[in-house]
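Colleague: The structure's right below; bear with me while I get my questions together.
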Number of protein chains: 2
Amino acid sequence: MVSATGFFTFALRIKPMYRTHHCGALTEKNLKNNVTLSGWVQRLRNKGFIIWVDLRDRYGITQLIFDEERTPKMVFKTAQTLGREFVIQVVGTVIERESKNSNLTTGAIEVLVQELKVLNEAKTPPFTIEDKTDGGEELRMQYRYLDIRRNPVKEKLMFRSKVAIEVRNYLSNQGFIEVETPYLIKSTPEGARDFVVPSRMNQGQFYALPQSPQTFKQLLMVGGLDKYFQIVKCFRDEDLRADRQPEFTQIDCEMAFVDQETILNQFEGLTRHLLKEIKGVEIDSFPRMSYDEAMRIYGNDKPDIRFGMTFCELNAFAQGKGFSVFDSQELVVGIAVPGASEMSRKEIDELIEWVKRPQIGAKGLVYVKCNIDGTYKSSVEKFFAPDDFDTWVHAFGASKGDLLLILSGEARTSRSQLSALRMEMAERLGLRKPNEFAPLWVTDFPLLEWDEESKRYHAMHHPFTSPKPAHLDLLKTNPGAVLANAYDLVLNGNEIGGGSIRIHNQQLQSEMFDLLGFSKEEAQAQFGFLMNAFQYGAPPHGGIAFGLDRLVAILGGEETIRDFIAFPKNNAGRDVMIDAPAPLEKKQLEELFLLSTAKKE
Amino acid sequence: MVSATGFFTFALRIKPMYRTHHCGALTEKNLKNNVTLSGWVQRLRNKGFIIWVDLRDRYGITQLIFDEERTPKMVFKTAQTLGREFVIQVVGTVIERESKNSNLTTGAIEVLVQELKVLNEAKTPPFTIEDKTDGGEELRMQYRYLDIRRNPVKEKLMFRSKVAIEVRNYLSNQGFIEVETPYLIKSTPEGARDFVVPSRMNQGQFYALPQSPQTFKQLLMVGGLDKYFQIVKCFRDEDLRADRQPEFTQIDCEMAFVDQETILNQFEGLTRHLLKEIKGVEIDSFPRMSYDEAMRIYGNDKPDIRFGMTFCELNAFAQGKGFSVFDSQELVVGIAVPGASEMSRKEIDELIEWVKRPQIGAKGLVYVKCNIDGTYKSSVEKFFAPDDFDTWVHAFGASKGDLLLILSGEARTSRSQLSALRMEMAERLGLRKPNEFAPLWVTDFPLLEWDEESKRYHAMHHPFTSPKPAHLDLLKTNPGAVLANAYDLVLNGNEIGGGSIRIHNQQLQSEMFDLLGFSKEEAQAQFGFLMNAFQYGAPPHGGIAFGLDRLVAILGGEETIRDFIAFPKNNAGRDVMIDAPAPLEKKQLEELFLLSTAKKE
């Protein structure tokens with residue numbers, strides 16, 4: 001490896017390389033080049049006198065050709081022993097391919113192999129390493145390292161990395177400082193359940209893993225950092241619902257000397273930047289809607305506004321007409337499904353069964369088909385005249401060909417049921433287009449919600465959320481009516497971010513803890529440091545946190561987050577690949593004072 | 001707020017702002033501007049008829065002036081009630097300052113205040129919010145949110161954020177993908193102690209917090225991601241030495257299809273980039289040194305090479321001359337301290353006491369003053385002639401005016417003691433210049449080190465480090481002599497990064513666990529998933545991890561990491577601000593099966 005010009009010391013540093021090119025690099029421009037490639041055997045075609053191998057790495061696939069006549073005998077022999085997913089290194093010459101593949105960057109060439117080295121053998125993988133694999137979820141998770149070799153998973157992880165970089169660069173350019181807050185903190189058991197960490201140096205004491213860096217980011221504002229962000233893991237020990245993870249990632253942000261408007265604009269900017277840079281979608285200004293309005297016209301505080309089917313309340317038009325099912329209820333509310341009047345009786349019956357499922361829980365479903373010819377077909381035509389239906393259609397703003405679907409019952413419940421039905425109809429009609437993006441700010445959330453079980457108020461957002469200044473007086477007289485300076489950013493029917501203006505006054509924070517049922521001692525023990533900090537010159541501040549896993553999934557046009565996480569846990573909170581959690585050794589338990597002191601003798 | 005052009009809907013969105021400018025923004029260009037500022041009261045000077053306030057925020061300081069004649073009476077009155085660290089908002093006019101301060105960006109102007117709002121009051125802080133504070137370490141940590149308001153701390157946190165961004169952008173541009181690996185993993189108690197997390201859903205089972213993402217990044221290589229990095233928190237439950245934290249941050253990196261040379265070049269590139277972008281220092285190519293050489297000439301595997309004083313071994317010249325202290329020892333070794341021959345007898349006696357301290361543990365110290373006039377003064381002049389000293393001076397490459405300091409004893413111990421002395425002398429002579437940067441690769445580490453206590457080998461780096469291929473045979477015959485493809489990056493006498501080429505062969509990995517005293521069952525239980533993965537086509541791979549806390553501190557020209565961490569723990573592993581760890585509630589302990597099941601009835 002001594003170069004012609006004699007740079008011996010330099011040449012000494014060059015060791016034989018594993019590759020001169022990636023597997024996605026070679027094109028016709030490289031014809032006749034002598035190249036070294038390394039990668040995995042994706043596919044083998046053995047014609048006896050000729051063997052083709054698709055060699056794969058992160059960057060692409062290059063076709064190798066082993067030819068009985070042109071490849072050294074020993075090399076050809078070794079090639080015959082190769083199997084799927086073997087790791088090999090080859091040296092060869094780039095030649096033109098006979099049957100070109102225009103779908104591949106490298107589709108015009110192949111590499112005629114002269115040297116072959118098997119870097120590592122491979123057992124037959126338990127599922128195929130293809131875009132459409134034959135492996136089930138559980139098997140894929142157990143062999144996640146093989147699953148990651150598949151393009152769809154690999155690309156999702158790369159996509160996530162790209163989104164994170166864009167977030168960081170945008171926020172840094174906007175003057176935000178990324179600060180790492182601690183992971184070993186203190187348990188605050190009033191909210192969701194904490195994961196805890198026993199302390200070896202302090203018997204009987206525990207750290208907790210953060211559910212979010214909430215109090216720390218507020219302290220950074222008290223500390224004058226002005227604009228903070230962090231992409232950070234958070235932890236919640238909850239019974240896992242589908243598509244929830246015990247550890248998840250937040251884009252956590254906080255600003256000082258801001259009102260809600262500044263925050264909404266700032267993070268609208270971030271979201272707009274991501275949509276543009278990542279998806280090439282330009283969206284002007286995001287619409288806004290109060291929580292109250294969202295609940296009334298979508299039955300949901302995170303409405304998908306990519307499509308219509310907004311709610312129409314029919315109490316004024318449908319009650320008092322003798323249909324007792326409607327008359328007895330708090331709310332009669334429906335949606336007009338565009339162009340669905342052609343649904344068959346069977347399909348509608350199936351829909352009625354669908355809303356009656358326990359997950360939805362409706363008692364029944366009234367339909368009105370607005371036929372193209374101007375007539376109606378309805379399950380309640382005994383009770384209502386065509387004139388009534390005309391009025392309804394007018395109220396809905398519906399057209400001929402639409403299908404009205406109407407529920408009745410307790411207002412809150414009916415809205416929630418109708419919301420589920422609306423989403424289902426949108427799904428069936430293909431209205432939830434993964435590459436269409438409809439962001440929405442939902443604002444003016446209630447500060448508190450009443451919990452029937454514990455007979456007390458819970459914070460709707462969290463205990464640090466500021467009431468609207470105009471509602472401060474209501475705190476004592478009618479806490480349930482107090483609105484908060486809290487806001488959610490909704491994208492395509494998913495809450496991707498949520499935040500609030502925080503309380504920065506010690507007295508108000510203390511009152512808030514009272515309202516939430518904390519004793520003075522509990523409040524002091526858990527959040528004394530924060531209330532103390534508020535006495536030393538806390539600025540007005542507020543912030544937001546985005547769920548990165550969800551955000552990335554939606555930007556990626558997917559509904560589930562799992563494949564955007566390199567090593568996710570299953571629904572029982574287990575990592576099936578490494579088999580965790582697992583028992584500890586006795587010595588560890590002893591050191592942590594976790595072995596029962598009452599030993600059996 | 002309706003603009004002249006009538007954009008009413010737009011204007012509606014603009015609420016009264018907390019500030020039109022930051023406190024570091026206003027200059028003579030803004031004279032006569034009407035501005036709104038918010039911030040903290042840094043300093044107050046009350047002359048009775050005039051009050052000056054230094055208003056501080058993250059961005060700087062602006063002088064406010066309240067003037068009995070020009071400021072509204074009520075405003076002036078309120079200004080009289082202000083105290084240090086009050087949070088205020090003012091509206092006023094930018095005017096020219098009489099006595100300009102050229103040290104401040106804003107030093108040519110002041111703001112004549114017309115409106116003043118106290119946003120939050122402040123109790124007198126427990127220490128001064130000044131660059132040089134009167135607060136001790138413990139107090140500063142307890143009120144860390146106030147400490148962060150001080151420039152030196154705030155700037156260190158901003159500096160850290162900048163370094164992290166540069167690291168990410170550099171690595172991303174080089175094709176590295178940032179992948180988040182899990183925090184809730186499995187305990188592998190053979191290394192350092194794990195922090196563990198009891199599982200509520202799996203009685204008696206625990207997660208562990210990662211000491212590093214080592215096995216996961218290797219699995220990502222098996223998964224074909226090719227180039228991985230992550231800036232990630234790691235956890236070690238060790239008895240804390242000064243300047244160690246139970247949670248710390250790593251820049252964790254791994255590459256596939258690489259040899260050691262590629263990795264060294266890649267991360268030399270990263271370090272060079274940081275030195276250039278962050279410090280404006282350009283360094284060509286980093287020197288390299290084997291572990292063996294580093295130990296021989298610096299007595300240390302992380303030598304500070306900003307200065308000389310390399311070791312000179314004197315056995316050949318100093319033994320057999322009748323000085324029994326030297327004659328009886330394995331090694332006689334010294335350093336030549338440049339220009340230190342003028343040290344007084346008293347100073348040298350003090351130095352002798354210094355090396356005899358238990359922390360160093362030397363039995364004594366021989367000195368030879370090489371006087372300017374060519375004569376010698378030495379503690380061993382009874383045993384050696386000036387000719388001997390001439391020989392020594394020649395061996396040392398010393399000059400007139402230097403001071404030779406010589407230790408003798410068991411080789412390893414003496415080198416370690418002399419290394420400490422070398423650093424001490426450099427410190428005293430001011431040779432450890434914080435803004436001089438001397439990186440160094442130390443390579444060819446031993447694979448294993450013998451542990452006398454447990455009578456077995458330990459992995460010097462970790463159990464996944466690959467032996468040098470040429471030394472594979474030695475593994476069975478003389479494991480202690482096997483060198484590894486392991487390397488450390490040293491900067492100014494600190495190990496800032498370390499890594500290795502990994503084992504990617506199941507068989508070799510299994511043998512390695514045997515050598516380290518794992519039973520087959522232990523190896524399988526703890527690392528079965530990794531050895532299994534190696535059977536499905538693992539590519540050759542290797543990587544490195546940098547300690548971000550340390551790296552940032554050194555780049556920042558500091559020796560201690562604590563102020564580069566927003567919320568550090570103290571030497572007992574406690575967060576004194578939030579008072580963690582802390583006891584849990586009984587309900588939490590029960591849910592986690594941590595209460596003794598033997599209840600007292």
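Chain labels A, B, ... are given in the sequence in which chains occur in the structure tokens; within each chain residues are numbered consecutively from 1, and ligands are likewise numbered from 1 in the order shown.
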Based on only C-alpha atoms, which of the residues in chain A come within 6 Å of chain B? I want them as a PyMOL selection string.

Modeller: chain A and resi 18+58+85-87+120-123+145-146+148-149+161+177-178+185-186+196-197+205-207+219+223-225+257+529+535-537+578+580-583+596

Colleague: Can you pull out the residues contacting Glu313 of chain A? Cut-off 9 Å, using only C-alpha atoms, and skip same-chain residues under 3 positions away; I want them as a PyMOL selection string.

Modeller: chain A and resi 296-297+316-317+331-334+395-396

Colleague: Include N, CA and C atoms and write out the residues we just selected as a PDB file, in the first residue's frame.

Modeller:
ATOM      1  N   ARG A 296     -68.580  20.495  21.209  1.00  0.00           N
ATOM      2  CA  ARG A 296     -69.926  20.628  20.652  1.00  0.00           C
ATOM      3  C   ARG A 296     -70.004  20.170  19.204  1.00  0.00           C
ATOM      4  N   ILE A 297     -69.007  20.542  18.381  1.00  0.00           N
ATOM      5  CA  ILE A 297     -69.178  20.213  16.962  1.00  0.00           C
ATOM      6  C   ILE A 297     -68.372  19.005  16.495  1.00  0.00           C
ATOM      7  N   ALA A 316     -84.186  21.177  18.671  1.00  0.00           N
ATOM      8  CA  ALA A 316     -85.257  22.117  18.301  1.00  0.00           C
ATOM      9  C   ALA A 316     -86.154  21.557  17.207  1.00  0.00           C
ATOM     10  N   PHE A 317     -85.595  20.667  16.388  1.00  0.00           N
ATOM     11  CA  PHE A 317     -86.357  20.183  15.241  1.00  0.00           C
ATOM     12  C   PHE A 317     -86.890  18.765  15.422  1.00  0.00           C
ATOM     13  N   LEU A 331     -79.928  15.348  24.578  1.00  0.00           N
ATOM     14  CA  LEU A 331     -79.407  15.841  23.302  1.00  0.00           C
ATOM     15  C   LEU A 331     -79.746  14.887  22.164  1.00  0.00           C
ATOM     16  N   VAL A 332     -80.163  15.484  21.041  1.00  0.00           N
ATOM     17  CA  VAL A 332     -80.299  14.745  19.783  1.00  0.00           C
ATOM     18  C   VAL A 332     -79.276  15.355  18.834  1.00  0.00           C
ATOM     19  N   VAL A 333     -78.368  14.525  18.358  1.00  0.00           N
ATOM     20  CA  VAL A 333     -77.251  15.087  17.595  1.00  0.00           C
ATOM     21  C   VAL A 333     -76.842  14.118  16.488  1.00  0.00           C
ATOM     22  N   GLY A 334     -76.458  14.678  15.348  1.00  0.00           N
ATOM     23  CA  GLY A 334     -76.128  13.798  14.235  1.00  0.00           C
ATOM     24  C   GLY A 334     -75.073  14.353  13.308  1.00  0.00           C
ATOM     25  N   ALA A 395     -80.802  22.041   8.406  1.00  0.00           N
ATOM     26  CA  ALA A 395     -79.963  22.290   9.597  1.00  0.00           C
ATOM     27  C   ALA A 395     -78.576  21.664   9.427  1.00  0.00           C
ATOM     28  N   PHE A 396     -78.536  20.483   8.899  1.00  0.00           N
ATOM     29  CA  PHE A 396     -77.252  19.796   8.679  1.00  0.00           C
ATOM     30  C   PHE A 396     -76.434  20.463   7.576  1.00  0.00           C
TER      31      PHE A 396
END

Colleague: I'd like to know which residues of segment 14-66 of chain B are strand (DSSP E or B) (by DSSP, run on the backbone); could you write them as an NGL selection string?

Modeller: :B and (34-46 or 50-57 or 60-66)

Colleague: Could you tell me how far atom CA of Leu431 of chain B sits from atom CA of Ala318 of chain B, in Å to one decimal place?

Modeller: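 That distance, rounded to one decimal, is 28.8 Å.
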
Colleague: List every residue of segment 25-89 of chain A that DSSP, applied to the backbone of this structure, assigns to alpha helix (DSSP H), and report them as a VMD selection string.

Modeller: chain A and resid 73 to 79
